[in-house]
Amino acid sequence: MKTELIKDILTSAPDGRTVTVCGWVRTMRDSKNLVFVQVNDGSCFASIQLTFDRANPRANAKIDAIESAISQISTGASVRATGSLVESPASGQSVEVVLETLSVLGQCPGDSYPLQKKATSFEFLRENAHLRARSNTFGAVFRMRSQMAFALHTFFQERGFFYVNTPEITASDCEGAGEMFQITTLSLEKIARLGIEKGAKGMKAEDAEKLVDYSKDFFGKQANLTVSGQLEAETLATALGRVYTFGPTFRAENSNTTRHLAEFWMCEPEMAFFDLEDDMDIQEQADSARRYRHVATRRRNSIQARIVYRSNRRTRKTRRRI
């Protein structure tokens with residue numbers, strides 16, 4: 001059966017249709033007769049609730065399989081669930097899934113999974129970077145970043161620009177834009193040992209650069225990570241007319257402030273036959289918030305789902321007003 005995204009299910013009508021959900025367990029509450037499982041698939045901020053009533057299960061529910069799966073579930077486990085989409089009697093959520101089948105695709109022992117229901121600091125997430133996307137903050141950041149990149153591409157594509165990929169490894173320092181990260185296959189340890197040996201034999205410090213033979217390096221010359229794709233974009237613009245780059249760039253300034261990034265993504269448009277007024281028009285259009293309204297439109301389902309999630313402490317009337 002086709003799997004549906006939770007962001008779409010949360011904004012659907014509770015019409016009793018059968019839905020299949022795949023995702024990762026955020027929380028589970030198992031009382032005497034009722035079981036509640038919160039599952040998130042990453043498509044939006046909110047999770048969907050799976051319910052199982054031991055005293056009154058669905059007629060076609062596979063009870064033994066569901067009970068077996070429940071005994072294996074813990075926070076972080078991946079599951080596949082099928083059930084009926086019904087209106088939720090609880091405040092804070094409009095729909096829920098009444099279980100008919102439930103299977104555990106991957107167990108996640110609580111004693112080895114570091115992300116639990118309690119709050120998690122950024123410092124802790126840095127130490128467990130492979131799991132940080134499962135946190136609310138980073139999940140929201142990556143989803144919004146995806147929509148912002150889509151908006152940027154849409155803006156330029158609608159204006160006749162071509163998206164071009166420029167090299168990340170380069171031998172040029174684009175207009176001295178910043179300190180560069182050097183790339184080499186030469187053994188720095190061997191060069192250091194050779195320097196000590198040559199120094200002991202009387203080599204002067206100003207001649208030390210002669211010890212580095214770039215002809216033996218992978219590229220045959222000094223190479224670095226790019227600080228800008230502008231040079232390549234300028235040449236492409238003389239053939240394609242209007243181009244833009246959007247990719248990673250690197251700066252090696254030794255600064256540890258919150259405003260310094262060693263790696264970031266940068267957009268650089270280049271246009272042929274544009275005068276200064278044309279340049280300013282593009283800049284002003286790109287800066288205008290009106291041009292990115294479709295970001296909010298495309299995020300509407302996710303925002304609505306987040307409102308549902310946040311409304312656990314609000315009344316239904318308040319949620320409808322929002």
# chains A, B, ... in the order shown; residues from 1 in each chain; ligands from 1
>>> select_by_dssp(residues="region 227-285 of chain A", states="alpha helix (DSSP H)", output="PyMOL selection string")
chain A and resi 230-240+276-285
>>> write_last_selection(atoms="N, CA, C and O atoms", output="CSV table (one decimal), in the first residue's frame")
chain,number,residue,atom,x,y,z
A,230,GLN,N,32.6,33.3,-9.2
A,230,GLN,CA,32.3,34.4,-10.1
A,230,GLN,C,33.1,34.4,-11.4
A,230,GLN,O,32.6,34.7,-12.5
A,231,LEU,N,34.4,34.0,-11.4
A,231,LEU,CA,35.2,34.0,-12.6
A,231,LEU,C,34.6,33.0,-13.6
A,231,LEU,O,34.5,33.4,-14.8
A,232,GLU,N,34.2,31.8,-13.2
A,232,GLU,CA,33.6,30.9,-14.2
A,232,GLU,C,32.3,31.4,-14.7
A,232,GLU,O,31.9,31.2,-15.8
A,233,ALA,N,31.5,32.0,-13.8
A,233,ALA,CA,30.2,32.5,-14.1
A,233,ALA,C,30.3,33.6,-15.2
A,233,ALA,O,29.5,33.7,-16.1
A,234,GLU,N,31.3,34.4,-15.1
A,234,GLU,CA,31.5,35.5,-16.0
A,234,GLU,C,31.8,35.0,-17.4
A,234,GLU,O,31.2,35.5,-18.4
A,235,THR,N,32.6,34.0,-17.5
A,235,THR,CA,32.9,33.4,-18.8
A,235,THR,C,31.6,32.7,-19.4
A,235,THR,O,31.4,32.8,-20.6
A,236,LEU,N,30.9,32.0,-18.6
A,236,LEU,CA,29.6,31.4,-19.0
A,236,LEU,C,28.6,32.4,-19.5
A,236,LEU,O,27.8,32.1,-20.4
A,237,ALA,N,28.6,33.5,-18.8
A,237,ALA,CA,27.6,34.6,-19.2
A,237,ALA,C,27.8,35.1,-20.6
A,237,ALA,O,26.9,35.5,-21.3
A,238,THR,N,29.1,35.0,-21.1
A,238,THR,CA,29.4,35.5,-22.4
A,238,THR,C,28.9,34.6,-23.5
A,238,THR,O,29.0,34.9,-24.7
A,239,ALA,N,28.4,33.4,-23.1
A,239,ALA,CA,27.9,32.4,-24.0
A,239,ALA,C,26.4,32.1,-23.8
A,239,ALA,O,25.7,32.0,-24.8
A,240,LEU,N,26.0,32.1,-22.5
A,240,LEU,CA,24.6,31.8,-22.2
A,240,LEU,C,23.8,33.0,-21.9
A,240,LEU,O,22.6,32.9,-21.8
A,276,LEU,N,23.8,49.3,-15.5
A,276,LEU,CA,23.7,49.4,-14.0
A,276,LEU,C,22.2,49.4,-13.6
A,276,LEU,O,21.9,48.8,-12.5
A,277,GLU,N,21.4,50.0,-14.3
A,277,GLU,CA,19.9,50.0,-14.0
A,277,GLU,C,19.4,48.6,-14.0
A,277,GLU,O,18.6,48.3,-13.1
A,278,ASP,N,19.7,47.9,-15.0
A,278,ASP,CA,19.3,46.5,-15.0
A,278,ASP,C,19.8,45.7,-13.8
A,278,ASP,O,19.0,44.9,-13.2
A,279,ASP,N,21.0,45.9,-13.5
A,279,ASP,CA,21.6,45.2,-12.3
A,279,ASP,C,20.8,45.5,-11.0
A,279,ASP,O,20.5,44.6,-10.2
A,280,MET,N,20.5,46.8,-10.9
A,280,MET,CA,19.8,47.2,-9.7
A,280,MET,C,18.4,46.7,-9.7
A,280,MET,O,17.8,46.3,-8.6
A,281,ASP,N,17.7,46.6,-10.8
A,281,ASP,CA,16.4,46.0,-10.9
A,281,ASP,C,16.4,44.6,-10.4
A,281,ASP,O,15.5,44.2,-9.6
A,282,ILE,N,17.3,43.8,-10.9
A,282,ILE,CA,17.4,42.4,-10.4
A,282,ILE,C,17.6,42.3,-8.9
A,282,ILE,O,17.0,41.5,-8.2
A,283,GLN,N,18.5,43.2,-8.4
A,283,GLN,CA,18.8,43.2,-7.0
A,283,GLN,C,17.6,43.5,-6.2
A,283,GLN,O,17.3,42.9,-5.2
A,284,GLU,N,16.9,44.6,-6.6
A,284,GLU,CA,15.7,45.0,-5.8
A,284,GLU,C,14.6,44.0,-5.9
A,284,GLU,O,13.9,43.7,-4.9
A,285,GLN,N,14.5,43.3,-7.0
A,285,GLN,CA,13.4,42.3,-7.1
A,285,GLN,C,13.8,41.1,-6.2
A,285,GLN,O,12.9,40.5,-5.5
>>> residues_around(residues="region 194-198 of chain A", least_positions_apart="6", cutoff="12 Å", atoms="only C-alpha atoms", output="PyMOL selection string")
chain A and resi 187-188+204-212
>>> write_last_selection(atoms="all heavy atoms", output="PDB file, in the first residue's frame")
ATOM      1  N   SER A 187      52.748  14.840   1.189  1.00  0.00           N
ATOM      2  CA  SER A 187      52.859  14.480   2.603  1.00  0.00           C
ATOM      3  C   SER A 187      53.532  15.610   3.373  1.00  0.00           C
ATOM      4  O   SER A 187      54.717  15.901   3.171  1.00  0.00           O
ATOM      5  CB  SER A 187      53.660  13.181   2.759  1.00  0.00           C
ATOM      6  OG  SER A 187      53.902  12.922   4.124  1.00  0.00           O
ATOM      7  N   LEU A 188      52.759  16.262   4.236  1.00  0.00           N
ATOM      8  CA  LEU A 188      53.320  17.354   5.030  1.00  0.00           C
ATOM      9  C   LEU A 188      54.357  16.836   6.016  1.00  0.00           C
ATOM     10  O   LEU A 188      55.318  17.549   6.347  1.00  0.00           O
ATOM     11  CB  LEU A 188      52.186  18.076   5.768  1.00  0.00           C
ATOM     12  CG  LEU A 188      51.088  18.684   4.886  1.00  0.00           C
ATOM     13  CD1 LEU A 188      50.073  19.418   5.750  1.00  0.00           C
ATOM     14  CD2 LEU A 188      51.701  19.633   3.855  1.00  0.00           C
ATOM     15  N   LYS A 204      69.042  27.831   4.268  1.00  0.00           N
ATOM     16  CA  LYS A 204      68.505  29.050   4.857  1.00  0.00           C
ATOM     17  C   LYS A 204      66.974  29.002   4.885  1.00  0.00           C
ATOM     18  O   LYS A 204      66.348  28.360   4.048  1.00  0.00           O
ATOM     19  CB  LYS A 204      68.979  30.272   4.069  1.00  0.00           C
ATOM     20  CG  LYS A 204      70.492  30.455   4.082  1.00  0.00           C
ATOM     21  CD  LYS A 204      70.888  31.670   3.280  1.00  0.00           C
ATOM     22  CE  LYS A 204      72.402  31.859   3.285  1.00  0.00           C
ATOM     23  NZ  LYS A 204      72.822  33.049   2.481  1.00  0.00           N
ATOM     24  N   ALA A 205      66.399  29.707   5.834  1.00  0.00           N
ATOM     25  CA  ALA A 205      64.945  29.711   5.998  1.00  0.00           C
ATOM     26  C   ALA A 205      64.244  30.255   4.758  1.00  0.00           C
ATOM     27  O   ALA A 205      63.173  29.777   4.373  1.00  0.00           O
ATOM     28  CB  ALA A 205      64.558  30.523   7.232  1.00  0.00           C
ATOM     29  N   GLU A 206      64.826  31.252   4.113  1.00  0.00           N
ATOM     30  CA  GLU A 206      64.171  31.838   2.940  1.00  0.00           C
ATOM     31  C   GLU A 206      64.146  30.888   1.745  1.00  0.00           C
ATOM     32  O   GLU A 206      63.447  31.136   0.753  1.00  0.00           O
ATOM     33  CB  GLU A 206      64.849  33.156   2.538  1.00  0.00           C
ATOM     34  CG  GLU A 206      66.346  33.048   2.340  1.00  0.00           C
ATOM     35  CD  GLU A 206      67.143  33.377   3.598  1.00  0.00           C
ATOM     36  OE1 GLU A 206      66.581  33.233   4.712  1.00  0.00           O
ATOM     37  OE2 GLU A 206      68.301  33.790   3.457  1.00  0.00           O
ATOM     38  N   ASP A 207      64.927  29.808   1.815  1.00  0.00           N
ATOM     39  CA  ASP A 207      64.930  28.823   0.724  1.00  0.00           C
ATOM     40  C   ASP A 207      64.015  27.641   1.018  1.00  0.00           C
ATOM     41  O   ASP A 207      63.961  26.692   0.229  1.00  0.00           O
ATOM     42  CB  ASP A 207      66.359  28.305   0.497  1.00  0.00           C
ATOM     43  CG  ASP A 207      67.292  29.406   0.025  1.00  0.00           C
ATOM     44  OD1 ASP A 207      66.802  30.324  -0.664  1.00  0.00           O
ATOM     45  OD2 ASP A 207      68.491  29.335   0.340  1.00  0.00           O
ATOM     46  N   ALA A 208      63.286  27.683   2.131  1.00  0.00           N
ATOM     47  CA  ALA A 208      62.468  26.546   2.532  1.00  0.00           C
ATOM     48  C   ALA A 208      61.359  26.233   1.524  1.00  0.00           C
ATOM     49  O   ALA A 208      60.957  25.067   1.371  1.00  0.00           O
ATOM     50  CB  ALA A 208      61.855  26.801   3.912  1.00  0.00           C
ATOM     51  N   GLU A 209      60.857  27.255   0.809  1.00  0.00           N
ATOM     52  CA  GLU A 209      59.777  27.026  -0.156  1.00  0.00           C
ATOM     53  C   GLU A 209      60.204  26.092  -1.279  1.00  0.00           C
ATOM     54  O   GLU A 209      59.358  25.451  -1.918  1.00  0.00           O
ATOM     55  CB  GLU A 209      59.307  28.358  -0.746  1.00  0.00           C
ATOM     56  CG  GLU A 209      58.616  29.266   0.270  1.00  0.00           C
ATOM     57  CD  GLU A 209      58.106  30.540  -0.377  1.00  0.00           C
ATOM     58  OE1 GLU A 209      58.313  30.707  -1.601  1.00  0.00           O
ATOM     59  OE2 GLU A 209      57.506  31.364   0.339  1.00  0.00           O
ATOM     60  N   LYS A 210      61.487  25.984  -1.515  1.00  0.00           N
ATOM     61  CA  LYS A 210      61.989  25.111  -2.573  1.00  0.00           C
ATOM     62  C   LYS A 210      61.753  23.640  -2.249  1.00  0.00           C
ATOM     63  O   LYS A 210      61.828  22.781  -3.145  1.00  0.00           O
ATOM     64  CB  LYS A 210      63.477  25.360  -2.790  1.00  0.00           C
ATOM     65  CG  LYS A 210      63.800  26.777  -3.248  1.00  0.00           C
ATOM     66  CD  LYS A 210      65.292  26.974  -3.406  1.00  0.00           C
ATOM     67  CE  LYS A 210      65.629  28.396  -3.828  1.00  0.00           C
ATOM     68  NZ  LYS A 210      67.095  28.620  -3.966  1.00  0.00           N
ATOM     69  N   LEU A 211      61.461  23.352  -0.974  1.00  0.00           N
ATOM     70  CA  LEU A 211      61.232  21.960  -0.588  1.00  0.00           C
ATOM     71  C   LEU A 211      59.876  21.440  -1.075  1.00  0.00           C
ATOM     72  O   LEU A 211      59.668  20.236  -1.165  1.00  0.00           O
ATOM     73  CB  LEU A 211      61.307  21.823   0.944  1.00  0.00           C
ATOM     74  CG  LEU A 211      62.648  22.172   1.594  1.00  0.00           C
ATOM     75  CD1 LEU A 211      62.518  22.106   3.108  1.00  0.00           C
ATOM     76  CD2 LEU A 211      63.727  21.217   1.111  1.00  0.00           C
ATOM     77  N   VAL A 212      58.967  22.353  -1.371  1.00  0.00           N
ATOM     78  CA  VAL A 212      57.624  21.958  -1.821  1.00  0.00           C
ATOM     79  C   VAL A 212      57.623  21.894  -3.340  1.00  0.00           C
ATOM     80  O   VAL A 212      57.735  22.925  -4.018  1.00  0.00           O
ATOM     81  CB  VAL A 212      56.558  22.956  -1.325  1.00  0.00           C
ATOM     82  CG1 VAL A 212      55.171  22.499  -1.759  1.00  0.00           C
ATOM     83  CG2 VAL A 212      56.630  23.103   0.183  1.00  0.00           C
TER      84      VAL A 212
END
>>> select_by_dssp(residues="region 81-164 of chain A", states="strand (DSSP E or B)", output="list in words")
Ala81, Thr82, Gly83, Ser84, Leu85, Val86, Glu87, Val95, Glu96, Val97, Val98, Leu99, Glu100, Thr101, Leu102, Ser103, Val104, Leu105, Gly106, Phe162, Tyr163 and Val164 of chain A
>>> write_last_selection(atoms="N, CA and C atoms", output="PDB file, in the first residue's frame")
ATOM      1  N   ALA A  81       2.868   1.644   9.813  1.00  0.00           N
ATOM      2  CA  ALA A  81       1.549   1.451  10.414  1.00  0.00           C
ATOM      3  C   ALA A  81       0.464   1.691   9.381  1.00  0.00           C
ATOM      4  N   THR A  82      -0.570   0.875   9.456  1.00  0.00           N
ATOM      5  CA  THR A  82      -1.747   1.034   8.606  1.00  0.00           C
ATOM      6  C   THR A  82      -2.972   1.088   9.498  1.00  0.00           C
ATOM      7  N   GLY A  83      -3.888   2.010   9.176  1.00  0.00           N
ATOM      8  CA  GLY A  83      -5.082   2.136   9.981  1.00  0.00           C
ATOM      9  C   GLY A  83      -6.068   3.103   9.374  1.00  0.00           C
ATOM     10  N   SER A  84      -7.129   3.368  10.099  1.00  0.00           N
ATOM     11  CA  SER A  84      -8.190   4.257   9.634  1.00  0.00           C
ATOM     12  C   SER A  84      -7.940   5.672  10.135  1.00  0.00           C
ATOM     13  N   LEU A  85      -8.142   6.628   9.245  1.00  0.00           N
ATOM     14  CA  LEU A  85      -7.976   8.032   9.601  1.00  0.00           C
ATOM     15  C   LEU A  85      -9.294   8.550  10.160  1.00  0.00           C
ATOM     16  N   VAL A  86      -9.292   8.897  11.433  1.00  0.00           N
ATOM     17  CA  VAL A  86     -10.520   9.310  12.100  1.00  0.00           C
ATOM     18  C   VAL A  86     -10.290  10.635  12.809  1.00  0.00           C
ATOM     19  N   GLU A  87     -11.389  11.263  13.202  1.00  0.00           N
ATOM     20  CA  GLU A  87     -11.287  12.495  13.977  1.00  0.00           C
ATOM     21  C   GLU A  87     -10.795  12.179  15.376  1.00  0.00           C
ATOM     22  N   VAL A  95      -6.817  14.902  13.603  1.00  0.00           N
ATOM     23  CA  VAL A  95      -6.995  13.521  13.151  1.00  0.00           C
ATOM     24  C   VAL A  95      -6.001  12.613  13.857  1.00  0.00           C
ATOM     25  N   GLU A  96      -6.312  11.342  13.818  1.00  0.00           N
ATOM     26  CA  GLU A  96      -5.403  10.317  14.322  1.00  0.00           C
ATOM     27  C   GLU A  96      -5.649   9.040  13.542  1.00  0.00           C
ATOM     28  N   VAL A  97      -4.742   8.094  13.690  1.00  0.00           N
ATOM     29  CA  VAL A  97      -4.847   6.829  12.968  1.00  0.00           C
ATOM     30  C   VAL A  97      -5.128   5.712  13.958  1.00  0.00           C
ATOM     31  N   VAL A  98      -6.249   5.010  13.755  1.00  0.00           N
ATOM     32  CA  VAL A  98      -6.594   3.855  14.579  1.00  0.00           C
ATOM     33  C   VAL A  98      -5.944   2.632  13.948  1.00  0.00           C
ATOM     34  N   LEU A  99      -5.074   1.982  14.691  1.00  0.00           N
ATOM     35  CA  LEU A  99      -4.231   0.931  14.128  1.00  0.00           C
ATOM     36  C   LEU A  99      -5.011  -0.305  13.684  1.00  0.00           C
ATOM     37  N   GLU A 100      -4.570  -0.801  12.520  1.00  0.00           N
ATOM     38  CA  GLU A 100      -5.025  -2.099  12.032  1.00  0.00           C
ATOM     39  C   GLU A 100      -3.840  -3.050  11.900  1.00  0.00           C
ATOM     40  N   THR A 101      -2.709  -2.512  11.480  1.00  0.00           N
ATOM     41  CA  THR A 101      -1.456  -3.270  11.456  1.00  0.00           C
ATOM     42  C   THR A 101      -0.330  -2.360  11.917  1.00  0.00           C
ATOM     43  N   LEU A 102       0.687  -2.973  12.505  1.00  0.00           N
ATOM     44  CA  LEU A 102       1.860  -2.225  12.969  1.00  0.00           C
ATOM     45  C   LEU A 102       3.060  -3.145  12.928  1.00  0.00           C
ATOM     46  N   SER A 103       4.134  -2.673  12.309  1.00  0.00           N
ATOM     47  CA  SER A 103       5.368  -3.457  12.249  1.00  0.00           C
ATOM     48  C   SER A 103       6.560  -2.563  12.536  1.00  0.00           C
ATOM     49  N   VAL A 104       7.547  -3.129  13.190  1.00  0.00           N
ATOM     50  CA  VAL A 104       8.777  -2.404  13.511  1.00  0.00           C
ATOM     51  C   VAL A 104       9.800  -2.705  12.428  1.00  0.00           C
ATOM     52  N   LEU A 105      10.228  -1.672  11.722  1.00  0.00           N
ATOM     53  CA  LEU A 105      11.212  -1.837  10.653  1.00  0.00           C
ATOM     54  C   LEU A 105      12.632  -1.816  11.194  1.00  0.00           C
ATOM     55  N   GLY A 106      12.823  -1.104  12.293  1.00  0.00           N
ATOM     56  CA  GLY A 106      14.147  -1.028  12.907  1.00  0.00           C
ATOM     57  C   GLY A 106      14.039  -0.671  14.373  1.00  0.00           C
ATOM     58  N   PHE A 162      20.229  30.683 -16.426  1.00  0.00           N
ATOM     59  CA  PHE A 162      20.629  29.281 -16.404  1.00  0.00           C
ATOM     60  C   PHE A 162      21.443  29.007 -15.139  1.00  0.00           C
ATOM     61  N   TYR A 163      21.118  27.908 -14.482  1.00  0.00           N
ATOM     62  CA  TYR A 163      21.855  27.503 -13.286  1.00  0.00           C
ATOM     63  C   TYR A 163      23.114  26.764 -13.711  1.00  0.00           C
ATOM     64  N   VAL A 164      24.279  27.224 -13.260  1.00  0.00           N
ATOM     65  CA  VAL A 164      25.550  26.610 -13.627  1.00  0.00           C
ATOM     66  C   VAL A 164      26.296  26.185 -12.366  1.00  0.00           C
TER      67      VAL A 164
END
>>> residues_around(residues="Gly247 (chain A)", least_positions_apart="6", cutoff="9 Å", atoms="only C-alpha atoms", output="list in words")
Asn165, Thr166, Glu168, Gly229, Phe264, Trp265, Met266 and Cys267 of chain A
>>> residues_around(residues="Phe181 (chain A)", least_positions_apart="6", cutoff="12 Å", atoms="only C-alpha atoms", output="list in words")
Glu168, Ile169, Thr170, Ala171, Ser172, Asp173, Gln222, Ala223, Asn224, Leu225, Thr226, Val227, Thr249, Phe250, Arg251, Ala252, Glu253, Asn254, Ala262 and Glu263 of chain A
>>> write_last_selection(atoms="all heavy atoms", output="compact mmCIF listing (two decimals), in the first residue's frame")
# COMPACT_ATOMS: atom_id res chain seq x y z
N GLU A 168 34.57 23.52 -7.28
CA GLU A 168 34.87 23.77 -5.87
C GLU A 168 36.36 23.76 -5.61
O GLU A 168 36.83 24.32 -4.62
CB GLU A 168 34.17 22.72 -5.00
CG GLU A 168 32.66 22.79 -5.05
CD GLU A 168 31.99 21.77 -4.16
OE1 GLU A 168 32.62 21.39 -3.15
OE2 GLU A 168 30.88 21.34 -4.47
N ILE A 169 37.11 23.11 -6.48
CA ILE A 169 38.57 23.09 -6.39
C ILE A 169 39.11 23.98 -7.49
O ILE A 169 38.74 23.83 -8.66
CB ILE A 169 39.13 21.67 -6.52
CG1 ILE A 169 38.58 20.77 -5.41
CG2 ILE A 169 40.65 21.68 -6.48
CD1 ILE A 169 38.98 19.32 -5.54
N THR A 170 39.98 24.91 -7.15
CA THR A 170 40.46 25.88 -8.13
C THR A 170 41.90 26.26 -7.84
O THR A 170 42.38 26.11 -6.71
CB THR A 170 39.57 27.14 -8.10
OG1 THR A 170 40.06 28.08 -9.05
CG2 THR A 170 39.57 27.78 -6.72
N ALA A 171 42.55 26.75 -8.89
CA ALA A 171 43.92 27.26 -8.72
C ALA A 171 43.92 28.78 -8.69
O ALA A 171 45.00 29.40 -8.61
CB ALA A 171 44.80 26.76 -9.87
N SER A 172 42.76 29.42 -8.78
CA SER A 172 42.69 30.88 -8.81
C SER A 172 42.10 31.42 -7.52
O SER A 172 41.21 30.80 -6.92
CB SER A 172 41.83 31.35 -10.00
OG SER A 172 40.49 30.90 -9.85
N ASP A 173 42.59 32.56 -7.12
CA ASP A 173 42.06 33.26 -5.96
C ASP A 173 41.18 34.38 -6.49
O ASP A 173 41.67 35.44 -6.86
CB ASP A 173 43.21 33.81 -5.10
CG ASP A 173 42.72 34.52 -3.86
OD1 ASP A 173 41.50 34.55 -3.62
OD2 ASP A 173 43.56 35.05 -3.10
N GLN A 222 49.57 24.47 -7.17
CA GLN A 222 48.86 24.72 -5.92
C GLN A 222 47.36 24.83 -6.19
O GLN A 222 46.93 25.51 -7.11
CB GLN A 222 49.37 26.01 -5.26
CG GLN A 222 48.76 26.28 -3.91
CD GLN A 222 49.39 27.48 -3.22
OE1 GLN A 222 50.47 27.90 -3.59
NE2 GLN A 222 48.71 28.01 -2.22
N ALA A 223 46.57 24.15 -5.38
CA ALA A 223 45.12 24.14 -5.54
C ALA A 223 44.44 24.44 -4.21
O ALA A 223 44.98 24.14 -3.14
CB ALA A 223 44.64 22.80 -6.08
N ASN A 224 43.26 25.04 -4.29
CA ASN A 224 42.53 25.46 -3.09
C ASN A 224 41.04 25.22 -3.26
O ASN A 224 40.54 24.99 -4.38
CB ASN A 224 42.76 26.95 -2.83
CG ASN A 224 44.23 27.33 -2.77
OD1 ASN A 224 44.90 27.14 -1.77
ND2 ASN A 224 44.73 27.86 -3.88
N LEU A 225 40.32 25.29 -2.14
CA LEU A 225 38.87 25.32 -2.20
C LEU A 225 38.42 26.72 -2.60
O LEU A 225 38.98 27.71 -2.14
CB LEU A 225 38.26 24.95 -0.84
CG LEU A 225 38.47 23.51 -0.37
CD1 LEU A 225 37.87 23.31 1.02
CD2 LEU A 225 37.84 22.52 -1.34
N THR A 226 37.43 26.80 -3.45
CA THR A 226 37.05 28.09 -4.03
C THR A 226 36.44 29.03 -3.00
O THR A 226 35.78 28.60 -2.06
CB THR A 226 36.06 27.88 -5.18
OG1 THR A 226 35.79 29.13 -5.80
CG2 THR A 226 34.75 27.31 -4.66
N VAL A 227 36.69 30.32 -3.20
CA VAL A 227 36.03 31.35 -2.40
C VAL A 227 34.89 31.99 -3.17
O VAL A 227 34.10 32.77 -2.62
CB VAL A 227 37.03 32.45 -1.95
CG1 VAL A 227 38.06 31.88 -1.02
CG2 VAL A 227 37.67 33.12 -3.16
N THR A 249 30.96 27.69 -0.91
CA THR A 249 32.21 28.43 -1.00
C THR A 249 32.88 28.36 0.37
O THR A 249 32.23 28.11 1.39
CB THR A 249 31.98 29.90 -1.39
OG1 THR A 249 31.04 30.49 -0.46
CG2 THR A 249 31.40 29.99 -2.79
N PHE A 250 34.18 28.61 0.38
CA PHE A 250 34.97 28.38 1.59
C PHE A 250 35.87 29.57 1.88
O PHE A 250 36.48 30.13 0.97
CB PHE A 250 35.82 27.11 1.42
CG PHE A 250 35.03 25.90 0.99
CD1 PHE A 250 34.79 25.66 -0.36
CD2 PHE A 250 34.52 25.02 1.92
CE1 PHE A 250 34.06 24.56 -0.77
CE2 PHE A 250 33.78 23.92 1.53
CZ PHE A 250 33.55 23.69 0.17
N ARG A 251 35.95 29.94 3.14
CA ARG A 251 36.83 31.02 3.58
C ARG A 251 37.63 30.54 4.79
O ARG A 251 37.05 29.99 5.73
CB ARG A 251 36.01 32.26 3.96
CG ARG A 251 35.12 32.79 2.83
CD ARG A 251 35.92 33.41 1.70
NE ARG A 251 35.10 33.70 0.53
CZ ARG A 251 34.43 34.82 0.34
NH1 ARG A 251 34.47 35.77 1.27
NH2 ARG A 251 33.74 35.01 -0.76
N ALA A 252 38.91 30.80 4.76
CA ALA A 252 39.81 30.28 5.79
C ALA A 252 40.27 31.35 6.78
O ALA A 252 41.31 31.20 7.42
CB ALA A 252 41.03 29.61 5.15
N GLU A 253 39.52 32.45 6.90
CA GLU A 253 39.89 33.46 7.88
C GLU A 253 39.87 32.85 9.28
O GLU A 253 38.91 32.16 9.64
CB GLU A 253 38.94 34.66 7.83
CG GLU A 253 39.16 35.57 6.64
CD GLU A 253 38.42 35.08 5.41
OE1 GLU A 253 37.72 34.05 5.52
OE2 GLU A 253 38.53 35.71 4.35
N ASN A 254 40.88 33.12 10.04
CA ASN A 254 40.97 32.57 11.38
C ASN A 254 40.17 33.44 12.35
O ASN A 254 40.71 34.22 13.12
CB ASN A 254 42.44 32.48 11.83
CG ASN A 254 42.58 31.75 13.17
OD1 ASN A 254 41.67 31.03 13.58
ND2 ASN A 254 43.69 31.95 13.82
N ALA A 262 33.23 29.06 7.88
CA ALA A 262 34.29 28.50 7.05
C ALA A 262 33.71 27.96 5.74
O ALA A 262 34.40 27.93 4.72
CB ALA A 262 35.00 27.37 7.81
N GLU A 263 32.45 27.56 5.76
CA GLU A 263 31.77 27.08 4.56
C GLU A 263 30.36 27.65 4.53
O GLU A 263 29.65 27.63 5.54
CB GLU A 263 31.71 25.55 4.55
CG GLU A 263 30.93 24.98 3.37
CD GLU A 263 30.76 23.47 3.44
OE1 GLU A 263 31.36 22.86 4.34
OE2 GLU A 263 30.02 22.92 2.61
>>> closest_residue(among="A:Gln116, A:Ser228, A:Ala69, A:Val37", to="Glu175 (chain A)", atoms="only C-alpha atoms")
A:Ser228
>>> residues_around(residues="Arg143 (chain A)", least_positions_apart="4", cutoff="10 Å", atoms="only C-alpha atoms", output="short mmCIF file (atom, residue, chain, number, x, y, z; two decimals) with C-alpha atoms, in the first residue's frame")
data_model
loop_
_atom_site.label_atom_id
_atom_site.label_comp_id
_atom_site.auth_asym_id
_atom_site.auth_seq_id
_atom_site.Cartn_x
_atom_site.Cartn_y
_atom_site.Cartn_z
CA GLY A 42 10.30 14.39 8.68
CA SER A 43 7.83 15.89 6.21
CA CYS A 44 6.71 18.49 8.78
CA PHE A 45 7.26 19.62 12.33
CA ALA A 133 18.32 16.16 11.86
CA PHE A 138 17.53 21.06 12.87
CA GLY A 139 14.61 19.36 11.16
CA GLN A 147 12.23 25.80 0.46
CA MET A 148 14.51 28.85 0.38
CA ARG A 299 5.12 25.69 3.74
CA SER A 302 3.88 22.28 7.61
#
>>> residues_around(residues="Phe218 (chain A)", least_positions_apart="5", cutoff="10 Å", atoms="only C-alpha atoms", output="PyMOL selection string")
chain A and resi 183-186+223
